[in-house]
file structure-v2.pdb (PDB, C-alpha atoms)
MODEL        1
ATOM      1  CA  MET A  18       0.000   0.000   0.000
ATOM      2  CA  ASN A  19       1.456   3.254  -1.105
ATOM      3  CA  ILE A  20       0.156   5.485   1.668
ATOM      4  CA  PHE A  21       2.578   3.945   4.171
ATOM      5  CA  ASN A  22       5.539   4.726   1.998
ATOM      6  CA  ARG A  23       7.493   7.009   4.315
ATOM      7  CA  LYS A  24       9.837   8.287   1.652
ATOM      8  CA  SER A  25       8.808  11.798   0.658
ATOM      9  CA  GLN A  26       8.016  12.248  -3.018
ATOM     10  CA  LYS A  27       9.550  15.746  -3.017
ATOM     11  CA  PRO A  28      13.208  16.582  -2.504
ATOM     12  CA  ASN A  29      14.274  18.348   0.672
ATOM     13  CA  TYR A  30      14.138  21.992  -0.348
ATOM     14  CA  LYS A  31      15.403  23.231   3.018
ATOM     15  CA  THR A  32      18.914  21.913   2.369
ATOM     16  CA  MET A  33      18.971  22.387  -1.391
ATOM     17  CA  ASP A  34      21.500  24.796  -2.875
ATOM     18  CA  GLU A  35      20.091  27.871  -4.532
ATOM     19  CA  PRO A  36      20.548  27.260  -8.276
ATOM     20  CA  GLU A  37      18.857  23.869  -8.007
ATOM     21  CA  LEU A  38      16.100  25.278  -5.811
ATOM     22  CA  VAL A  39      15.404  28.031  -8.337
ATOM     23  CA  GLN A  40      15.018  25.410 -11.076
ATOM     24  CA  HIS A  41      12.471  23.525  -8.935
ATOM     25  CA  ALA A  42      10.694  26.789  -8.081
ATOM     26  CA  LYS A  43       9.850  27.289 -11.751
ATOM     27  CA  THR A  44       7.380  24.427 -11.572
ATOM     28  CA  ASP A  45       6.824  23.785  -7.868
ATOM     29  CA  ARG A  46       5.217  26.253  -5.470
ATOM     30  CA  ASP A  47       6.751  24.552  -2.438
ATOM     31  CA  ALA A  48      10.216  25.215  -3.824
ATOM     32  CA  PHE A  49       9.225  28.833  -4.376
ATOM     33  CA  GLY A  50       7.979  28.840  -0.765
ATOM     34  CA  GLU A  51      11.481  27.892   0.379
ATOM     35  CA  LEU A  52      12.997  30.735  -1.661
ATOM     36  CA  TYR A  53      10.423  33.011  -0.063
ATOM     37  CA  GLU A  54      11.497  31.856   3.418
ATOM     38  CA  ARG A  55      15.129  32.582   2.600
ATOM     39  CA  TYR A  56      14.556  36.110   1.312
ATOM     40  CA  VAL A  57      11.365  37.588   2.738
ATOM     41  CA  LYS A  58      13.059  39.301   5.696
ATOM     42  CA  LYS A  59      15.863  40.722   3.545
ATOM     43  CA  ILE A  60      13.496  42.118   0.957
ATOM     44  CA  TYR A  61      11.194  43.518   3.644
ATOM     45  CA  ASN A  62      14.155  45.289   5.269
ATOM     46  CA  TYR A  63      15.314  46.742   2.005
ATOM     47  CA  VAL A  64      11.843  48.004   1.118
ATOM     48  CA  TYR A  65      11.190  49.253   4.634
ATOM     49  CA  TYR A  66      14.211  51.540   4.597
ATOM     50  CA  ARG A  67      13.354  52.774   1.117
ATOM     51  CA  THR A  68       9.766  53.651   2.121
ATOM     52  CA  SER A  69      10.055  54.324   5.901
ATOM     53  CA  ASN A  70       6.633  52.904   6.427
ATOM     54  CA  GLN A  71       5.543  49.470   7.641
ATOM     55  CA  HIS A  72       2.328  49.387   5.647
ATOM     56  CA  ASP A  73       4.014  50.312   2.363
ATOM     57  CA  ALA A  74       6.886  47.941   3.116
ATOM     58  CA  GLU A  75       4.487  45.012   3.535
ATOM     59  CA  ASP A  76       2.550  45.944   0.411
ATOM     60  CA  LEU A  77       5.681  46.267  -1.720
ATOM     61  CA  THR A  78       7.279  43.117  -0.285
ATOM     62  CA  ALA A  79       4.182  41.183  -1.309
ATOM     63  CA  ARG A  80       4.352  42.693  -4.803
ATOM     64  CA  VAL A  81       8.038  41.754  -5.125
ATOM     65  CA  PHE A  82       7.287  38.094  -4.444
ATOM     66  CA  TYR A  83       4.196  38.025  -6.664
ATOM     67  CA  ARG A  84       6.243  39.437  -9.504
ATOM     68  CA  ALA A  85       9.124  37.055  -8.800
ATOM     69  CA  MET A  86       6.742  34.102  -8.824
ATOM     70  CA  SER A  87       5.147  35.104 -12.092
ATOM     71  CA  HIS A  88       8.508  35.777 -13.815
ATOM     72  CA  ILE A  89      10.689  33.058 -12.313
ATOM     73  CA  GLY A  90      10.109  30.920 -15.410
ATOM     74  CA  ASN A  91      12.069  33.491 -17.404
ATOM     75  CA  TYR A  92      14.904  33.754 -14.889
ATOM     76  CA  GLU A  93      18.233  32.353 -16.019
ATOM     77  CA  ASP A  94      21.406  32.564 -13.987
ATOM     78  CA  LYS A  95      23.570  34.383 -16.497
ATOM     79  CA  GLY A  96      26.040  35.581 -13.900
ATOM     80  CA  VAL A  97      23.272  37.309 -11.938
ATOM     81  CA  PRO A  98      22.470  35.387  -8.745
ATOM     82  CA  PHE A  99      18.819  34.925  -7.789
ATOM     83  CA  GLN A 100      19.311  37.262  -4.817
ATOM     84  CA  ALA A 101      20.440  40.078  -7.113
ATOM     85  CA  TRP A 102      17.498  39.417  -9.443
ATOM     86  CA  LEU A 103      15.089  39.683  -6.503
ATOM     87  CA  TYR A 104      16.645  42.925  -5.240
ATOM     88  CA  ARG A 105      16.391  44.401  -8.722
ATOM     89  CA  ILE A 106      12.660  43.660  -8.748
ATOM     90  CA  ALA A 107      12.390  45.328  -5.341
ATOM     91  CA  HIS A 108      14.411  48.311  -6.542
ATOM     92  CA  ASN A 109      12.168  48.801  -9.597
ATOM     93  CA  LEU A 110       8.977  48.530  -7.569
ATOM     94  CA  VAL A 111      10.250  50.995  -4.970
ATOM     95  CA  ALA A 112      11.209  53.426  -7.749
ATOM     96  CA  ASN A 113       7.696  53.133  -9.250
ATOM     97  CA  PHE A 114       6.205  53.600  -5.805
ATOM     98  CA  HIS A 115       8.096  56.845  -5.226
ATOM     99  CA  ARG A 116       7.202  58.106  -8.688
ATOM    100  CA  ASP A 117       3.493  57.413  -8.129
ATOM    101  CA  LYS A 118       3.669  58.910  -4.664
ATOM    102  CA  SER A 119       5.172  62.148  -5.914
ATOM    103  CA  ARG A 120       2.418  62.336  -8.544
ATOM    104  CA  ARG A 121      -0.273  61.873  -5.909
ATOM    105  CA  LYS A 122       1.420  64.389  -3.603
ATOM    106  CA  ILE A 123       0.577  62.410  -0.534
ATOM    107  CA  ILE A 124       2.908  63.089   2.329
ATOM    108  CA  ALA A 125       3.060  60.115   4.632
ATOM    109  CA  LEU A 126       4.188  60.453   8.185
ATOM    110  CA  ASP A 127       7.407  58.558   8.535
ATOM    111  CA  ASP A 128       7.521  55.732  11.025
ATOM    112  CA  PHE A 129      10.855  57.126  12.126
ATOM    113  CA  VAL A 130       9.431  60.557  12.783
ATOM    114  CA  ALA A 131       6.335  59.109  14.401
ATOM    115  CA  ALA A 132       8.453  56.972  16.700
ATOM    116  CA  ALA A 133      10.527  59.989  17.632
ATOM    117  CA  LEU A 134       7.504  62.206  18.214
ATOM    118  CA  TYR A 135       5.000  59.858  19.800
ATOM    119  CA  GLY A 136       7.128  57.002  21.077
ATOM    120  CA  ASP A 137       7.534  56.484  24.782
ATOM    121  CA  SER A 138      10.848  58.231  24.588
ATOM    122  CA  PRO A 139      11.892  59.976  27.784
ATOM    123  CA  ASP A 140      14.323  62.873  27.731
ATOM    124  CA  LYS A 141      17.389  60.667  27.718
ATOM    125  CA  HIS A 142      16.327  59.224  24.352
ATOM    126  CA  ALA A 143      15.113  62.476  22.842
ATOM    127  CA  GLU A 144      18.578  63.516  21.737
ATOM    128  CA  ASP A 145      19.270  60.105  20.169
ATOM    129  CA  ASN A 146      15.970  60.213  18.340
ATOM    130  CA  GLU A 147      16.686  63.692  17.049
ATOM    131  CA  GLU A 148      20.124  62.582  15.823
ATOM    132  CA  ARG A 149      18.658  59.538  14.102
ATOM    133  CA  LYS A 150      15.970  61.620  12.484
ATOM    134  CA  GLN A 151      18.582  64.052  11.177
ATOM    135  CA  LEU A 152      20.618  61.181   9.803
ATOM    136  CA  MET A 153      17.603  59.523   8.152
ATOM    137  CA  ASP A 154      16.614  62.864   6.620
ATOM    138  CA  ALA A 155      20.144  63.286   5.292
ATOM    139  CA  ILE A 156      20.118  59.756   3.855
ATOM    140  CA  ARG A 157      16.852  60.534   2.048
ATOM    141  CA  ARG A 158      18.354  63.628   0.495
ATOM    142  CA  LEU A 159      21.020  61.458  -1.129
ATOM    143  CA  PRO A 160      20.554  60.286  -4.723
ATOM    144  CA  GLU A 161      18.629  57.029  -4.977
ATOM    145  CA  GLU A 162      21.606  54.790  -5.819
ATOM    146  CA  ARG A 163      23.491  56.045  -2.750
ATOM    147  CA  GLN A 164      20.534  55.319  -0.488
ATOM    148  CA  GLN A 165      20.356  51.846  -2.001
ATOM    149  CA  LEU A 166      24.055  51.270  -1.341
ATOM    150  CA  LEU A 167      23.824  52.293   2.325
ATOM    151  CA  ILE A 168      20.824  50.028   2.929
ATOM    152  CA  LEU A 169      22.430  47.039   1.235
ATOM    153  CA  LYS A 170      25.617  47.574   3.227
ATOM    154  CA  PHE A 171      24.345  48.510   6.681
ATOM    155  CA  VAL A 172      20.955  46.798   6.868
ATOM    156  CA  GLU A 173      21.547  43.754   4.680
ATOM    157  CA  HIS A 174      25.288  43.405   5.423
ATOM    158  CA  LEU A 175      25.995  42.436   1.808
ATOM    159  CA  SER A 176      29.529  42.304   0.430
ATOM    160  CA  ASN A 177      30.726  44.687  -2.267
ATOM    161  CA  ALA A 178      30.577  41.845  -4.795
ATOM    162  CA  GLU A 179      26.922  41.102  -3.924
ATOM    163  CA  ILE A 180      26.022  44.791  -4.032
ATOM    164  CA  GLY A 181      27.823  45.019  -7.372
ATOM    165  CA  HIS A 182      25.615  42.261  -8.799
ATOM    166  CA  ILE A 183      22.479  44.071  -7.650
ATOM    167  CA  MET A 184      23.536  47.519  -8.804
ATOM    168  CA  GLU A 185      25.239  46.278 -11.958
ATOM    169  CA  ARG A 186      28.621  47.744 -11.088
ATOM    170  CA  THR A 187      32.091  46.418 -10.372
ATOM    171  CA  GLU A 188      33.385  45.927  -6.833
ATOM    172  CA  GLY A 189      35.791  48.824  -7.352
ATOM    173  CA  ALA A 190      32.965  51.097  -8.463
ATOM    174  CA  ILE A 191      30.971  50.164  -5.340
ATOM    175  CA  LYS A 192      33.938  51.001  -3.083
ATOM    176  CA  SER A 193      34.338  54.318  -4.798
ATOM    177  CA  LEU A 194      30.617  55.109  -4.622
ATOM    178  CA  TYR A 195      30.623  54.221  -0.917
ATOM    179  CA  HIS A 196      33.470  56.647  -0.252
ATOM    180  CA  ARG A 197      31.721  59.469  -2.133
ATOM    181  CA  THR A 198      28.451  58.678  -0.319
ATOM    182  CA  LEU A 199      30.038  58.995   3.104
ATOM    183  CA  ILE A 200      31.684  62.296   2.172
ATOM    184  CA  ALA A 201      28.375  63.645   0.813
ATOM    185  CA  LEU A 202      26.536  62.549   3.942
ATOM    186  CA  ARG A 203      29.141  64.142   6.207
ATOM    187  CA  ASP A 204      28.953  67.426   4.269
ATOM    188  CA  ASP A 205      25.150  67.434   4.344
ATOM    189  CA  LEU A 206      25.077  66.856   8.104
ATOM    190  CA  ARG A 207      27.617  69.662   8.595
ATOM    191  CA  MET A 208      25.533  72.030   6.519
ATOM    192  CA  GLN A 209      22.410  71.127   8.462
ATOM    193  CA  ALA A 210      24.213  71.695  11.763
ATOM    194  CA  ILE A 211      25.437  75.128  10.599
ATOM    195  CA  SER A 212      21.958  76.006   9.370
ATOM    196  CA  HIS A 213      20.411  74.999  12.712
ATOM    197  CA  THR A 214      22.949  77.073  14.614
ATOM    198  CA  LEU A 215      22.257  80.116  12.430
ATOM    199  CA  THR A 216      18.494  79.749  12.865
ATOM    200  CA  ASP A 217      18.854  79.429  16.634
ATOM    201  CA  THR A 218      21.053  82.537  16.785
ATOM    202  CA  GLN A 219      18.580  84.540  14.686
ATOM    203  CA  ASN A 220      15.693  83.418  16.899
ATOM    204  CA  GLN A 221      17.605  84.410  20.020
ATOM    205  CA  ARG A 222      18.297  87.864  18.574
ATOM    206  CA  LYS A 223      14.625  88.322  17.703
ATOM    207  CA  GLU A 224      13.622  87.418  21.241
ATOM    208  CA  GLU A 225      16.145  89.926  22.658
TER     209      GLU A 225
ATOM    210  CA  MET B   7      46.969  58.573   1.315
ATOM    211  CA  SER B   8      45.761  57.741  -2.202
ATOM    212  CA  GLU B   9      42.090  57.532  -3.151
ATOM    213  CA  VAL B  10      42.248  53.738  -3.529
ATOM    214  CA  GLU B  11      43.997  53.306  -0.157
ATOM    215  CA  MET B  12      41.324  55.468   1.446
ATOM    216  CA  GLU B  13      38.554  53.370  -0.144
ATOM    217  CA  ASN B  14      40.172  50.123   1.014
ATOM    218  CA  LEU B  15      40.568  51.454   4.528
ATOM    219  CA  LEU B  16      36.930  52.589   4.649
ATOM    220  CA  ASP B  17      35.918  49.156   3.479
ATOM    221  CA  ALA B  18      37.965  47.421   6.182
ATOM    222  CA  LEU B  19      36.601  49.830   8.794
ATOM    223  CA  THR B  20      33.007  49.162   7.780
ATOM    224  CA  ASP B  21      33.530  45.394   7.865
ATOM    225  CA  ALA B  22      35.044  45.697  11.350
ATOM    226  CA  LEU B  23      32.137  47.826  12.614
ATOM    227  CA  LEU B  24      29.469  45.578  11.115
ATOM    228  CA  SER B  25      31.048  42.457  12.584
ATOM    229  CA  GLY B  26      31.205  44.059  16.042
ATOM    230  CA  GLN B  27      35.007  44.470  16.100
ATOM    231  CA  ASP B  28      34.830  48.023  17.387
ATOM    232  CA  ASP B  29      38.334  47.983  18.913
ATOM    233  CA  HIS B  30      39.833  47.048  15.577
ATOM    234  CA  ALA B  31      37.785  49.788  13.894
ATOM    235  CA  VAL B  32      39.027  52.376  16.402
ATOM    236  CA  ARG B  33      42.639  51.361  15.692
ATOM    237  CA  LEU B  34      42.077  51.700  11.937
ATOM    238  CA  SER B  35      40.398  55.077  12.333
ATOM    239  CA  ARG B  36      43.482  56.620  13.979
ATOM    240  CA  VAL B  37      45.176  57.020  10.611
ATOM    241  CA  ASN B  38      44.060  60.620  10.295
ATOM    242  CA  GLU B  39      41.400  63.071  11.452
ATOM    243  CA  GLU B  40      39.261  62.594   8.343
ATOM    244  CA  MET B  41      39.044  58.864   8.986
ATOM    245  CA  GLY B  42      38.046  59.524  12.591
ATOM    246  CA  ILE B  43      35.137  61.726  11.455
ATOM    247  CA  LEU B  44      33.979  59.178   8.891
ATOM    248  CA  THR B  45      34.202  56.394  11.467
ATOM    249  CA  ARG B  46      31.875  58.285  13.784
ATOM    250  CA  LEU B  47      29.476  58.697  10.868
ATOM    251  CA  MET B  48      29.640  54.961  10.106
ATOM    252  CA  VAL B  49      28.895  54.134  13.741
ATOM    253  CA  ARG B  50      25.810  56.363  13.522
ATOM    254  CA  LEU B  51      24.762  54.634  10.318
ATOM    255  CA  ARG B  52      25.208  51.215  11.899
ATOM    256  CA  ASP B  53      23.178  52.182  14.966
ATOM    257  CA  THR B  54      20.417  53.835  12.936
ATOM    258  CA  LEU B  55      20.033  51.381  10.058
ATOM    259  CA  GLN B  56      19.070  48.410  12.199
ATOM    260  CA  PRO B  57      17.349  45.412  10.566
ATOM    261  CA  ARG B  58      13.563  45.367  10.989
ATOM    262  CA  GLU B  59      11.471  42.238  11.397
ATOM    263  CA  PRO B  60       8.240  41.878   9.423
ATOM    264  CA  SER B  61       5.382  40.542  11.525
ATOM    265  CA  GLU B  62       4.906  36.757  11.700
ATOM    266  CA  ARG B  63       1.298  37.198  10.689
ATOM    267  CA  PHE B  64       2.250  39.094   7.535
ATOM    268  CA  MET B  65       4.871  36.502   6.555
ATOM    269  CA  ARG B  66       2.489  33.569   7.125
ATOM    270  CA  GLN B  67      -0.342  35.242   5.216
ATOM    271  CA  LEU B  68       1.868  36.119   2.255
ATOM    272  CA  LYS B  69       3.305  32.606   2.094
ATOM    273  CA  HIS B  70      -0.203  31.220   2.151
ATOM    274  CA  ASP B  71      -1.254  33.573  -0.647
ATOM    275  CA  LEU B  72       1.778  32.663  -2.736
ATOM    276  CA  THR B  73       2.018  28.932  -2.235
ATOM    277  CA  GLY B  74      -1.308  27.909  -0.751
ATOM    278  CA  GLU B  75       0.414  26.658   2.395
ATOM    279  CA  PRO B  76      -2.263  26.343   5.084
ATOM    280  CA  GLN B  77      -2.232  28.567   8.153
ATOM    281  CA  GLY B  78      -3.143  27.827  11.743
ATOM    282  CA  LEU B  79      -2.986  24.544  13.679
ATOM    283  CA  ARG B  80      -6.204  23.016  12.294
ATOM    284  CA  ALA B  81      -5.214  23.826   8.720
ATOM    285  CA  ARG B  82      -1.686  22.511   9.257
ATOM    286  CA  LEU B  83      -3.075  19.253  10.652
ATOM    287  CA  GLY B  84      -5.240  19.054   7.575
ATOM    288  CA  ALA B  85      -2.119  19.282   5.455
ATOM    289  CA  VAL B  86      -0.416  16.354   7.184
ATOM    290  CA  PRO B  87      -0.008  13.426   4.726
ATOM    291  CA  VAL B  88      -2.631  10.645   4.775
ATOM    292  CA  HIS B  89      -0.215   7.977   5.972
ATOM    293  CA  VAL B  90       0.564  10.030   9.080
ATOM    294  CA  HIS B  91      -3.168  10.388   9.819
ATOM    295  CA  VAL B  92      -3.676   6.613   9.392
ATOM    296  CA  ALA B  93      -0.618   5.730  11.500
ATOM    297  CA  THR B  94      -1.768   8.096  14.266
ATOM    298  CA  GLY B  95      -5.263   6.571  14.221
ATOM    299  CA  VAL B  96      -3.903   3.014  14.383
ATOM    300  CA  ALA B  97      -1.537   3.912  17.245
ATOM    301  CA  ALA B  98      -4.365   5.566  19.188
ATOM    302  CA  SER B  99      -6.636   2.540  18.665
ATOM    303  CA  ILE B 100      -3.950   0.101  19.865
ATOM    304  CA  ALA B 101      -3.251   2.250  22.916
ATOM    305  CA  GLY B 102      -6.990   2.373  23.695
ATOM    306  CA  LEU B 103      -7.393  -1.389  23.314
ATOM    307  CA  MET B 104      -4.375  -2.061  25.532
ATOM    308  CA  TRP B 105      -5.719   0.231  28.218
ATOM    309  CA  PHE B 106      -9.160  -1.400  28.038
ATOM    310  CA  SER B 107      -7.819  -4.970  28.117
ATOM    311  CA  ARG B 108      -5.574  -4.127  31.094
ATOM    312  CA  ARG B 109      -8.525  -2.712  32.924
ATOM    313  CA  GLN B 110     -10.623  -5.809  32.177
ATOM    314  CA  SER B 111      -7.910  -8.264  33.168
ATOM    315  CA  ARG B 112      -7.151  -6.492  36.468
ATOM    316  CA  PRO B 113      -8.640  -8.466  39.415
ATOM    317  CA  ASN B 114     -11.270  -6.794  41.533
ATOM    318  CA  ASN B 115      -9.130  -7.163  44.646
ATOM    319  CA  GLY B 116      -7.850  -3.644  43.981
ATOM    320  CA  GLU B 117     -11.251  -2.257  44.811
ATOM    321  CA  SER B 118     -11.888  -4.673  47.728
ATOM    322  CA  ALA B 119      -8.455  -3.924  49.185
ATOM    323  CA  ASP B 120      -9.362  -0.286  49.414
ATOM    324  CA  LEU B 121     -12.648  -0.992  51.126
ATOM    325  CA  PRO B 122     -11.413  -2.006  54.572
ATOM    326  CA  ALA B 123      -9.191   1.015  54.643
ATOM    327  CA  LEU B 124     -12.137   3.245  53.898
ATOM    328  CA  GLN B 125     -14.226   1.445  56.451
ATOM    329  CA  GLN B 126     -11.498   1.874  59.027
ATOM    330  CA  GLU B 127     -11.330   5.561  58.317
ATOM    331  CA  SER B 128     -15.042   5.908  58.745
TER     332      SER B 128
ENDMDL
END
call {"tool": "encode", "arguments": {"input": "structure-v2.pdb", "output": "structure tokens"}}
result
Amino acid sequence: MNIFNRKSQKPNYKTMDEPELVQHAKTDRDAFGELYERYVKKIYNYVYYRTSNQHDAEDLTARVFYRAMSHIGNYEDKGVPFQAWLYRIAHNLVANFHRDKSRRKIIALDDFVAAALYGDSPDKHAEDNEERKQLMDAIRRLPEERQQLLILKFVEHLSNAEIGHIMERTEGAIKSLYHRTLIALRDDLRMQAISHTLTDTQNQRKEE
Amino acid sequence: MSEVEMENLLDALTDALLSGQDDHAVRLSRVNEEMGILTRLMVRLRDTLQPREPSERFMRQLKHDLTGEPQGLRARLGAVPVHVHVATGVAASIAGLMWFSRRQSRPNNGESADLPALQQES
């Protein structure tokens, strides 16, 4: 009787290496489910920091995986790992999202700002929150590719080679872009600090 | 320091900071003042750009929507293969029969032995 056959009909996807798993995922939803398990948190993180909003991050993460599932049949590993392919989908969807959002002119309240304003943050955390908010604001003023680089490096902890695959650049170009990004961020924060100081001084003079 | 040397040093510094080797990062940052400033910026980036966890509920729901994997205990039990259901049923039946036959074969002296004790107590 076949029902007592303990041997599973399907291979063990949990331990399968990625290229083989991707091939199975083209025809088997369970294999795609394993790919989903491996990448859902990474993609969510990436999208979260590009949108600053939990609701949008969940919505876009779902869209990334729907699109990946519907296009995985066309995916071929021509030197682009599956991870890089998935991040590129996420990148394109986030770019569309920001374009649509700017058209609609809807200004969403950042989770970061909300946490800083309404969170149960006593005075000792207020300064930290303010610093983080300033830094996040400065990151958002950076060009899109620089934001992407910082998120992939600091949130996802990806190597330069992995980031290079996603951003379609060489490792050397990523190193160079990283250097320029840090310098730009430092200069922006300096300018903001000077601007704040000037505003405070002007306000003090007005009060006097 | 050349541009390439600077880039390599920044790279090494970032790796050290992200792997929690702060002492090593501090040593590397002492090369010059510029590197010290950038190191402080990288520490701020590391502390601000912390990974976020999506909710379990969201992840389960999305997986269900994508793959049809059932959610919840009842649904998961429903997804257990037939042979496991049959084996569990057989095991439960055998255990029940063994318990019943033991109970039947046990002499009644267990009950009668308790009786005097109860009577004595009363």
call {"tool": "closest_residue", "arguments": {"input": "structure-v2.pdb", "among": "A:Arg105, A:His174, A:Arg158, A:Lys192", "to": "A:Asp204", "atoms": "all atoms listed in the file"}}
result
A:Arg158
call {"tool": "atom_distance", "arguments": {"input": "structure-v2.pdb", "atom1": "atom CA of B:Asn14", "atom2": "atom CA of A:Leu194"}}
result
12.2 Å
call {"tool": "resolve_selection", "arguments": {"input": "structure-v2.pdb", "expression": "the ChimeraX specification (/A :<8) & /B", "output": "ChimeraX atom specification"}}
result
/B:13-14,16-17,24,44,47,50-52,54-60,64-65,68-69,72-73,88-89
call {"tool": "closest_residue", "arguments": {"input": "structure-v2.pdb", "among": "A:Met33, A:Ile180, A:Leu159, A:Val81", "to": "A:Ala101", "atoms": "all atoms listed in the file"}}
result
A:Ile180
call {"tool": "atom_distance", "arguments": {"input": "structure-v2.pdb", "atom1": "atom CA of A:Thr32", "atom2": "atom CA of A:Lys95"}}
result
23.1 Å
call {"tool": "atom_distance", "arguments": {"input": "structure-v2.pdb", "atom1": "atom CA of B:Val37", "atom2": "atom CA of A:Arg157"}}
result
29.8 Å
call {"tool": "residues_around", "arguments": {"input": "structure-v2.pdb", "residues": "B:Asp28", "least_positions_apart": "3", "cutoff": "12 Å", "atoms": "all atoms listed in the file", "output": "list in words"}}
result
Ala18, Leu19, Thr20, Asp21, Ala22, Leu23, Leu24, Ser25, Ala31, Val32, Arg33, Leu34, Ser35, Thr45, Arg46, Met48, Val49 and Arg52 of chain B
call {"tool": "resolve_selection", "arguments": {"input": "structure-v2.pdb", "expression": "the PyMOL selection byres ((chain B and resi 7) around 12)", "output": "VMD selection string"}}
result
chain B and resid 8 to 15 37 to 38 40 to 41
call {"tool": "closest_residue", "arguments": {"input": "structure-v2.pdb", "among": "A:Arg186, A:Arg207, A:Lys27, A:Lys43", "to": "A:Leu166", "atoms": "all atoms listed in the file"}}
result
A:Arg186
